[in-house]
Amino acid sequence: MDKSWMHCRIHCSKMPKEYEDGVENFMRFAIANAEGSSVIRCPCTKCMNLFFRTHTVVLEHLYFYDFDVSYTT
Ligand SMILES: [Zn+2]
């Protein structure tokens, strides 16, 4: 099965620069505070900071589902 469209959905879609920067800042912060753990809480609208995901999955969720707007910390 050709999965190149998934790659394109993540990397080719037009993303507001501010959102992209916000995601990058969050990932840096989260990884820095994960103390070597391979999983972090996912702040997307689907997980709502309740579920632990790997960095890669969190990154994908933030592009697919957006940040949970109630997530402030
Ligand atoms: Zn998520």
# chains A, B, ... in the order shown; residues from 1 in each chain; ligands from 1
>>> residues_near_ligand(ligand="ligand 1", cutoff="7 Å", atoms="only C-alpha atoms and all ligand atoms", output="list in words")
Cys42, Pro43, Cys44, Thr45, Lys46, Cys47, Met48, Val58, His61 and Leu62 of chain A
>>> write_last_selection(atoms="N, CA and C atoms", output="PDB file, in the first residue's frame")
ATOM      1  N   CYS A  42       0.251  13.813  25.514  1.00  0.00           N
ATOM      2  CA  CYS A  42      -0.115  14.417  24.241  1.00  0.00           C
ATOM      3  C   CYS A  42      -1.193  15.475  24.468  1.00  0.00           C
ATOM      4  N   PRO A  43      -0.916  16.747  24.089  1.00  0.00           N
ATOM      5  CA  PRO A  43      -1.864  17.835  24.320  1.00  0.00           C
ATOM      6  C   PRO A  43      -2.827  18.074  23.168  1.00  0.00           C
ATOM      7  N   CYS A  44      -2.992  17.127  22.292  1.00  0.00           N
ATOM      8  CA  CYS A  44      -3.878  17.341  21.148  1.00  0.00           C
ATOM      9  C   CYS A  44      -5.346  17.258  21.576  1.00  0.00           C
ATOM     10  N   THR A  45      -6.255  17.665  20.695  1.00  0.00           N
ATOM     11  CA  THR A  45      -7.676  17.698  21.022  1.00  0.00           C
ATOM     12  C   THR A  45      -8.252  16.300  21.212  1.00  0.00           C
ATOM     13  N   LYS A  46      -7.553  15.277  20.725  1.00  0.00           N
ATOM     14  CA  LYS A  46      -8.042  13.910  20.840  1.00  0.00           C
ATOM     15  C   LYS A  46      -7.602  13.266  22.158  1.00  0.00           C
ATOM     16  N   CYS A  47      -6.342  13.505  22.537  1.00  0.00           N
ATOM     17  CA  CYS A  47      -5.802  12.903  23.766  1.00  0.00           C
ATOM     18  C   CYS A  47      -6.055  13.792  24.980  1.00  0.00           C
ATOM     19  N   MET A  48      -6.179  15.084  24.762  1.00  0.00           N
ATOM     20  CA  MET A  48      -6.466  16.063  25.813  1.00  0.00           C
ATOM     21  C   MET A  48      -5.553  15.913  27.030  1.00  0.00           C
ATOM     22  N   VAL A  58       3.079  12.185  19.083  1.00  0.00           N
ATOM     23  CA  VAL A  58       2.585  13.479  19.553  1.00  0.00           C
ATOM     24  C   VAL A  58       2.697  14.516  18.439  1.00  0.00           C
ATOM     25  N   HIS A  61      -0.006  13.928  15.972  1.00  0.00           N
ATOM     26  CA  HIS A  61      -1.304  14.337  16.524  1.00  0.00           C
ATOM     27  C   HIS A  61      -1.470  15.845  16.476  1.00  0.00           C
ATOM     28  N   LEU A  62      -0.401  16.582  16.771  1.00  0.00           N
ATOM     29  CA  LEU A  62      -0.515  18.039  16.806  1.00  0.00           C
ATOM     30  C   LEU A  62      -0.757  18.603  15.409  1.00  0.00           C
TER      31      LEU A  62
END
>>> residues_around(residues="stretch 54-56 of chain A", least_positions_apart="5", cutoff="12 Å", atoms="only C-alpha atoms", output="short mmCIF file (atom, residue, chain, number, x, y, z; two decimals) with N, CA, C and O atoms, in the first residue's frame")
data_model
loop_
_atom_site.label_atom_id
_atom_site.label_comp_id
_atom_site.auth_asym_id
_atom_site.auth_seq_id
_atom_site.Cartn_x
_atom_site.Cartn_y
_atom_site.Cartn_z
N ILE A 10 1.31 15.38 6.18
CA ILE A 10 2.00 15.99 7.31
C ILE A 10 2.96 17.07 6.86
O ILE A 10 3.03 18.14 7.46
N VAL A 23 4.21 24.31 17.82
CA VAL A 23 4.41 22.87 17.95
C VAL A 23 5.87 22.57 18.26
O VAL A 23 6.19 21.78 19.15
N GLU A 24 6.77 23.23 17.54
CA GLU A 24 8.20 23.00 17.75
C GLU A 24 8.62 23.40 19.16
O GLU A 24 9.37 22.69 19.83
N PHE A 26 6.70 23.55 21.78
CA PHE A 26 6.12 22.60 22.72
C PHE A 26 6.96 21.32 22.78
O PHE A 26 7.26 20.81 23.87
N MET A 27 7.36 20.81 21.60
CA MET A 27 8.12 19.57 21.57
C MET A 27 9.46 19.71 22.28
O MET A 27 9.87 18.83 23.01
N ARG A 28 10.11 20.86 22.05
CA ARG A 28 11.39 21.10 22.73
C ARG A 28 11.20 21.11 24.24
O ARG A 28 11.94 20.49 24.99
N PHE A 29 10.15 21.81 24.68
CA PHE A 29 9.84 21.93 26.10
C PHE A 29 9.51 20.55 26.68
O PHE A 29 10.02 20.16 27.73
N ALA A 30 8.65 19.83 25.99
CA ALA A 30 8.19 18.54 26.49
C ALA A 30 9.34 17.54 26.58
O ALA A 30 9.46 16.81 27.57
N ILE A 31 10.18 17.52 25.56
CA ILE A 31 11.31 16.57 25.55
C ILE A 31 12.31 16.94 26.64
O ILE A 31 12.84 16.09 27.33
N ALA A 32 12.52 18.26 26.83
CA ALA A 32 13.45 18.71 27.86
C ALA A 32 12.96 18.33 29.25
O ALA A 32 13.75 18.09 30.16
N ALA A 34 10.95 15.69 29.85
CA ALA A 34 10.61 14.27 29.90
C ALA A 34 11.68 13.46 30.62
O ALA A 34 11.47 12.30 30.93
N GLY A 36 14.45 12.05 29.78
CA GLY A 36 14.92 10.83 29.14
C GLY A 36 13.83 9.84 28.80
O GLY A 36 14.09 8.83 28.16
N SER A 37 12.60 10.12 29.24
CA SER A 37 11.50 9.22 28.92
C SER A 37 11.20 9.29 27.43
O SER A 37 11.32 10.36 26.82
N SER A 38 10.78 8.16 26.86
CA SER A 38 10.49 8.15 25.43
C SER A 38 9.05 8.56 25.15
O SER A 38 8.64 8.68 24.01
N VAL A 39 8.24 8.76 26.20
CA VAL A 39 6.85 9.17 26.00
C VAL A 39 6.55 10.45 26.77
O VAL A 39 7.13 10.71 27.81
N ILE A 40 5.64 11.25 26.21
CA ILE A 40 5.19 12.49 26.84
C ILE A 40 3.67 12.55 26.76
O ILE A 40 3.06 11.87 25.93
N ARG A 41 3.06 13.37 27.60
CA ARG A 41 1.61 13.56 27.51
C ARG A 41 1.29 14.28 26.21
O ARG A 41 1.93 15.27 25.86
N CYS A 42 0.25 13.81 25.51
CA CYS A 42 -0.12 14.42 24.24
C CYS A 42 -1.19 15.48 24.47
O CYS A 42 -2.27 15.17 24.98
N PRO A 43 -0.92 16.75 24.09
CA PRO A 43 -1.86 17.83 24.32
C PRO A 43 -2.83 18.07 23.17
O PRO A 43 -3.41 19.15 23.08
N HIS A 61 -0.01 13.93 15.97
CA HIS A 61 -1.30 14.34 16.52
C HIS A 61 -1.47 15.84 16.48
O HIS A 61 -2.55 16.33 16.16
N LEU A 62 -0.40 16.58 16.77
CA LEU A 62 -0.51 18.04 16.81
C LEU A 62 -0.76 18.60 15.41
O LEU A 62 -1.37 19.66 15.26
N TYR A 63 -0.27 17.89 14.39
CA TYR A 63 -0.54 18.34 13.02
C TYR A 63 -1.92 17.91 12.54
O TYR A 63 -2.58 18.62 11.81
#
